[in-house]
2 protein chains.
Amino acid sequence: MARQTIAETGEALTGHQTTQPDLGVLAARVLLSVQRELFTALAEQGFDDIAPRAGAVLAHLRTEGIRASEVARLSGQHKQVIGSLVDDLEHLGYVERRPDPADRRAKLICPTERGLLQMQAAASIMRAIEERHAAVLGTAEYAAFKTALNRVAELQQQAGHDSRTV
Amino acid sequence: MARQTIAETGEALTGHQTTQPDLGVLAARVLLSVQRELFTALAEQGFDDIAPRAGAVLAHLRTEGIRASEVARLSGQHKQVIGSLVDDLEHLGYVERRPDPADRRAKLICPTERGLLQMQAAASIMRAIEERHAAVLGTAEYAAFKTALNRVAELQQQAGHDSRTV
DNA sequence: CAAATTAGTCACCAATCTTGACTGTCACGT
DNA sequence: ACGTGACAGTCAAGATTGGTGACTAATTTG
């Protein structure tokens, strides 16, 4: 798995080991380890031809299709990157490009049958991962955690947006 | 966040917008937006010569120094990557290599005065970010969230470790 | 002392990200 | 209707980044 690489792996900068790691370090750890588990499990289920970086597209697929530029916005990646990812996924048979009836400039990225199977598999794996955490933390506590994480992600994205503008 | 990346930015694969995004997508969003805000703020405070990828090293710096291979383990990056990052940070005057008195093979990566200032600045910025979230969610709720995130990161890293072995 | 391990580096290759320019298409104001 | 500006997507090139294997030096093992 990447990058990503997360890219690979930018993190925050405080972190004496003695103190609690900060939000950035924790987010990085969760992301990397979730990615690793998810794509390992996917590979075991036969989806062994996709890399974590393709997740930027796959994570935002919908049965009705989605525009490339919307994927770019949601994933924070450039349009060119999305384009090449879609190229790859198209060759691998996970998605296909269809013209958008509502806008002749745009093309909808639609999952194929294989793409749908992959979406279901990924959703199932992620559900299992989260249920495992919920079993340790407690169902109610995990739900509260997830809600808070959602909220933090929203808040932080607004702030990140502002500071990008600066 | 890179970078990137955070990679890119591999994410999970479920995500109809109608349902709540999964753990991987949320972690990616938090990581990317925190990185963006942190490094923007650092740049405004005069630390404009460091990129998010350098965070892999900076996040694990300690005043007493730390070995390159330990940074590699903590950050999940290869030794070579750490080596080149340390090269850069050394030229920029953030860290210096000192021989490890305990092992003549090893070199300790120690922050310079500027490195210490940067560490303090980063810690302060991250504190401000987290306090902002705490103000919205409530102090107690945010503390609970942070604790849960820590726990999830631990659990997930164990799982990720296992699946890497497979 | 010889063998196996570990820390760090060098050099090379592959993958990835970023930028700028370019073609169609849409939306808006006149 | 028409010109202007904005947006969707693609092409192509450059720079950055990441991964791999081999190598030296020092430590540990037996």
# chains A, B, ... in the order shown; residues from 1 in each chain; ligands from 1
>>> select_by_dssp(residues="chain A", states="alpha helix (DSSP H)", output="MDAnalysis selection string")
chainID A and resid 23:44 55:58 68:75 79:91 113:137 139:165
>>> residues_around(residues="B:Ala143", least_positions_apart="5", cutoff="10 Å", atoms="only C-alpha atoms (C1' of nucleotides)", output="list of chain:residue names")
B:Glu130, B:Ala134, B:Leu137, B:Gly138, B:Ala148, B:Leu149
>>> residues_around(residues="A:Arg67", least_positions_apart="5", cutoff="8 Å", atoms="only C-alpha atoms (C1' of nucleotides)", output="ChimeraX atom specification")
/A:106-109
>>> residues_around(residues="A:Thr147", least_positions_apart="5", cutoff="12 Å", atoms="only C-alpha atoms (C1' of nucleotides)", output="PyMOL selection string")
(chain A and resi 140-142+152-154) or (chain B and resi 20-23+26+137+141-142+144-145+148-149)
>>> residues_around(residues="stretch 10-21 of chain D", least_positions_apart="3", cutoff="9 Å", atoms="only C-alpha atoms (C1' of nucleotides)", output="list of chain:residue names")
A:Ala2, A:Arg3, A:Glu8, A:Gln80, A:Gly83, B:His78, B:Val81, C:DC12, C:DC13, C:DA14, C:DA15, C:DT16, C:DC17, C:DT18, C:DT19, C:DA21, C:DC22, C:DT23
>>> write_last_selection(atoms="N, CA and C atoms (P, O5', C5', C4', C3', O3' and C1' of nucleotides)", output="mmCIF file, in the first residue's frame")
data_model
loop_
_atom_site.group_PDB
_atom_site.id
_atom_site.type_symbol
_atom_site.label_atom_id
_atom_site.label_comp_id
_atom_site.auth_asym_id
_atom_site.auth_seq_id
_atom_site.Cartn_x
_atom_site.Cartn_y
_atom_site.Cartn_z
ATOM 1 N N ALA A 2 0.293 2.220 -0.497
ATOM 2 C CA ALA A 2 0.960 3.474 -0.641
ATOM 3 C C ALA A 2 1.474 4.064 0.622
ATOM 4 N N ARG A 3 1.030 5.367 -0.349
ATOM 5 C CA ARG A 3 0.908 6.409 -0.043
ATOM 6 C C ARG A 3 0.488 6.796 0.468
ATOM 7 N N GLU A 8 2.597 9.575 2.181
ATOM 8 C CA GLU A 8 2.717 9.224 2.520
ATOM 9 C C GLU A 8 2.772 9.291 3.603
ATOM 10 N N GLN A 80 -6.085 15.635 -12.663
ATOM 11 C CA GLN A 80 -5.227 14.771 -13.469
ATOM 12 C C GLN A 80 -5.008 13.425 -12.802
ATOM 13 N N GLY A 83 -8.064 11.448 -13.135
ATOM 14 C CA GLY A 83 -8.166 10.956 -14.502
ATOM 15 C C GLY A 83 -7.333 9.708 -14.737
ATOM 16 N N HIS B 78 10.792 4.065 5.157
ATOM 17 C CA HIS B 78 12.038 3.339 5.004
ATOM 18 C C HIS B 78 13.204 4.176 5.488
ATOM 19 N N VAL B 81 14.402 6.930 3.176
ATOM 20 C CA VAL B 81 13.584 8.142 3.166
ATOM 21 C C VAL B 81 13.942 9.015 4.355
ATOM 22 P P DC C 12 24.263 5.432 -10.261
ATOM 23 O "O5'" DC C 12 22.874 4.727 -10.567
ATOM 24 C "C5'" DC C 12 22.815 3.297 -10.601
ATOM 25 C "C4'" DC C 12 21.373 2.835 -10.464
ATOM 26 C "C3'" DC C 12 20.431 3.402 -11.535
ATOM 27 O "O3'" DC C 12 19.894 2.321 -12.284
ATOM 28 C "C1'" DC C 12 19.474 3.514 -9.359
ATOM 29 P P DC C 13 19.046 2.662 -13.616
ATOM 30 O "O5'" DC C 13 17.550 2.352 -13.152
ATOM 31 C "C5'" DC C 13 17.248 1.104 -12.506
ATOM 32 C "C4'" DC C 13 15.832 1.165 -11.937
ATOM 33 C "C3'" DC C 13 14.776 1.639 -12.934
ATOM 34 O "O3'" DC C 13 13.723 0.692 -12.964
ATOM 35 C "C1'" DC C 13 14.639 2.863 -10.906
ATOM 36 P P DA C 14 12.544 0.854 -14.046
ATOM 37 O "O5'" DA C 14 11.297 1.173 -13.114
ATOM 38 C "C5'" DA C 14 11.052 0.347 -11.977
ATOM 39 C "C4'" DA C 14 9.983 0.996 -11.111
ATOM 40 C "C3'" DA C 14 8.746 1.440 -11.878
ATOM 41 O "O3'" DA C 14 7.593 0.927 -11.231
ATOM 42 C "C1'" DA C 14 9.625 3.246 -10.614
ATOM 43 P P DA C 15 6.141 1.164 -11.849
ATOM 44 O "O5'" DA C 15 5.519 2.246 -10.863
ATOM 45 C "C5'" DA C 15 5.626 2.038 -9.463
ATOM 46 C "C4'" DA C 15 5.314 3.329 -8.727
ATOM 47 C "C3'" DA C 15 3.982 3.978 -9.134
ATOM 48 O "O3'" DA C 15 3.193 4.151 -7.975
ATOM 49 C "C1'" DA C 15 5.738 5.575 -9.113
ATOM 50 P P DT C 16 1.702 4.768 -8.141
ATOM 51 O "O5'" DT C 16 1.973 6.291 -7.769
ATOM 52 C "C5'" DT C 16 2.793 6.608 -6.653
ATOM 53 C "C4'" DT C 16 2.931 8.123 -6.541
ATOM 54 C "C3'" DT C 16 1.650 8.866 -6.896
ATOM 55 O "O3'" DT C 16 1.200 9.562 -5.750
ATOM 56 C "C1'" DT C 16 3.583 9.828 -7.945
ATOM 57 P P DC C 17 -0.093 10.461 -5.835
ATOM 58 O "O5'" DC C 17 0.517 11.914 -6.057
ATOM 59 C "C5'" DC C 17 1.530 12.369 -5.186
ATOM 60 C "C4'" DC C 17 2.074 13.721 -5.660
ATOM 61 C "C3'" DC C 17 0.995 14.788 -5.878
ATOM 62 O "O3'" DC C 17 1.367 15.950 -5.163
ATOM 63 C "C1'" DC C 17 2.444 14.642 -7.755
ATOM 64 P P DT C 18 0.394 17.227 -5.147
ATOM 65 O "O5'" DT C 18 0.995 18.135 -6.300
ATOM 66 C "C5'" DT C 18 2.370 18.482 -6.275
ATOM 67 C "C4'" DT C 18 2.715 19.346 -7.474
ATOM 68 C "C3'" DT C 18 1.670 20.426 -7.782
ATOM 69 O "O3'" DT C 18 2.293 21.694 -7.741
ATOM 70 C "C1'" DT C 18 2.293 19.221 -9.753
ATOM 71 P P DT C 19 1.417 23.041 -7.930
ATOM 72 O "O5'" DT C 19 1.738 23.510 -9.417
ATOM 73 C "C5'" DT C 19 2.961 23.139 -10.033
ATOM 74 C "C4'" DT C 19 2.971 23.481 -11.511
ATOM 75 C "C3'" DT C 19 1.968 24.536 -11.961
ATOM 76 O "O3'" DT C 19 2.680 25.634 -12.514
ATOM 77 C "C1'" DT C 19 1.904 22.619 -13.393
ATOM 78 P P DA C 21 0.618 28.486 -19.332
ATOM 79 O "O5'" DA C 21 0.076 27.523 -20.487
ATOM 80 C "C5'" DA C 21 0.992 26.698 -21.194
ATOM 81 C "C4'" DA C 21 0.233 25.715 -22.083
ATOM 82 C "C3'" DA C 21 -0.828 26.376 -22.987
ATOM 83 O "O3'" DA C 21 -0.746 25.819 -24.286
ATOM 84 C "C1'" DA C 21 -1.795 24.642 -21.724
ATOM 85 P P DC C 22 -1.586 26.459 -25.463
ATOM 86 O "O5'" DC C 22 -2.844 25.493 -25.657
ATOM 87 C "C5'" DC C 22 -2.635 24.150 -26.045
ATOM 88 C "C4'" DC C 22 -3.956 23.408 -26.092
ATOM 89 C "C3'" DC C 22 -5.107 24.228 -26.711
ATOM 90 O "O3'" DC C 22 -5.642 23.539 -27.839
ATOM 91 C "C1'" DC C 22 -5.767 23.188 -24.681
ATOM 92 P P DT C 23 -6.881 24.227 -28.641
ATOM 93 O "O5'" DT C 23 -8.076 23.219 -28.331
ATOM 94 C "C5'" DT C 23 -7.884 21.823 -28.552
ATOM 95 C "C4'" DT C 23 -9.139 21.073 -28.140
ATOM 96 C "C3'" DT C 23 -10.431 21.604 -28.758
ATOM 97 O "O3'" DT C 23 -11.227 20.518 -29.202
ATOM 98 C "C1'" DT C 23 -10.613 21.590 -26.403
#
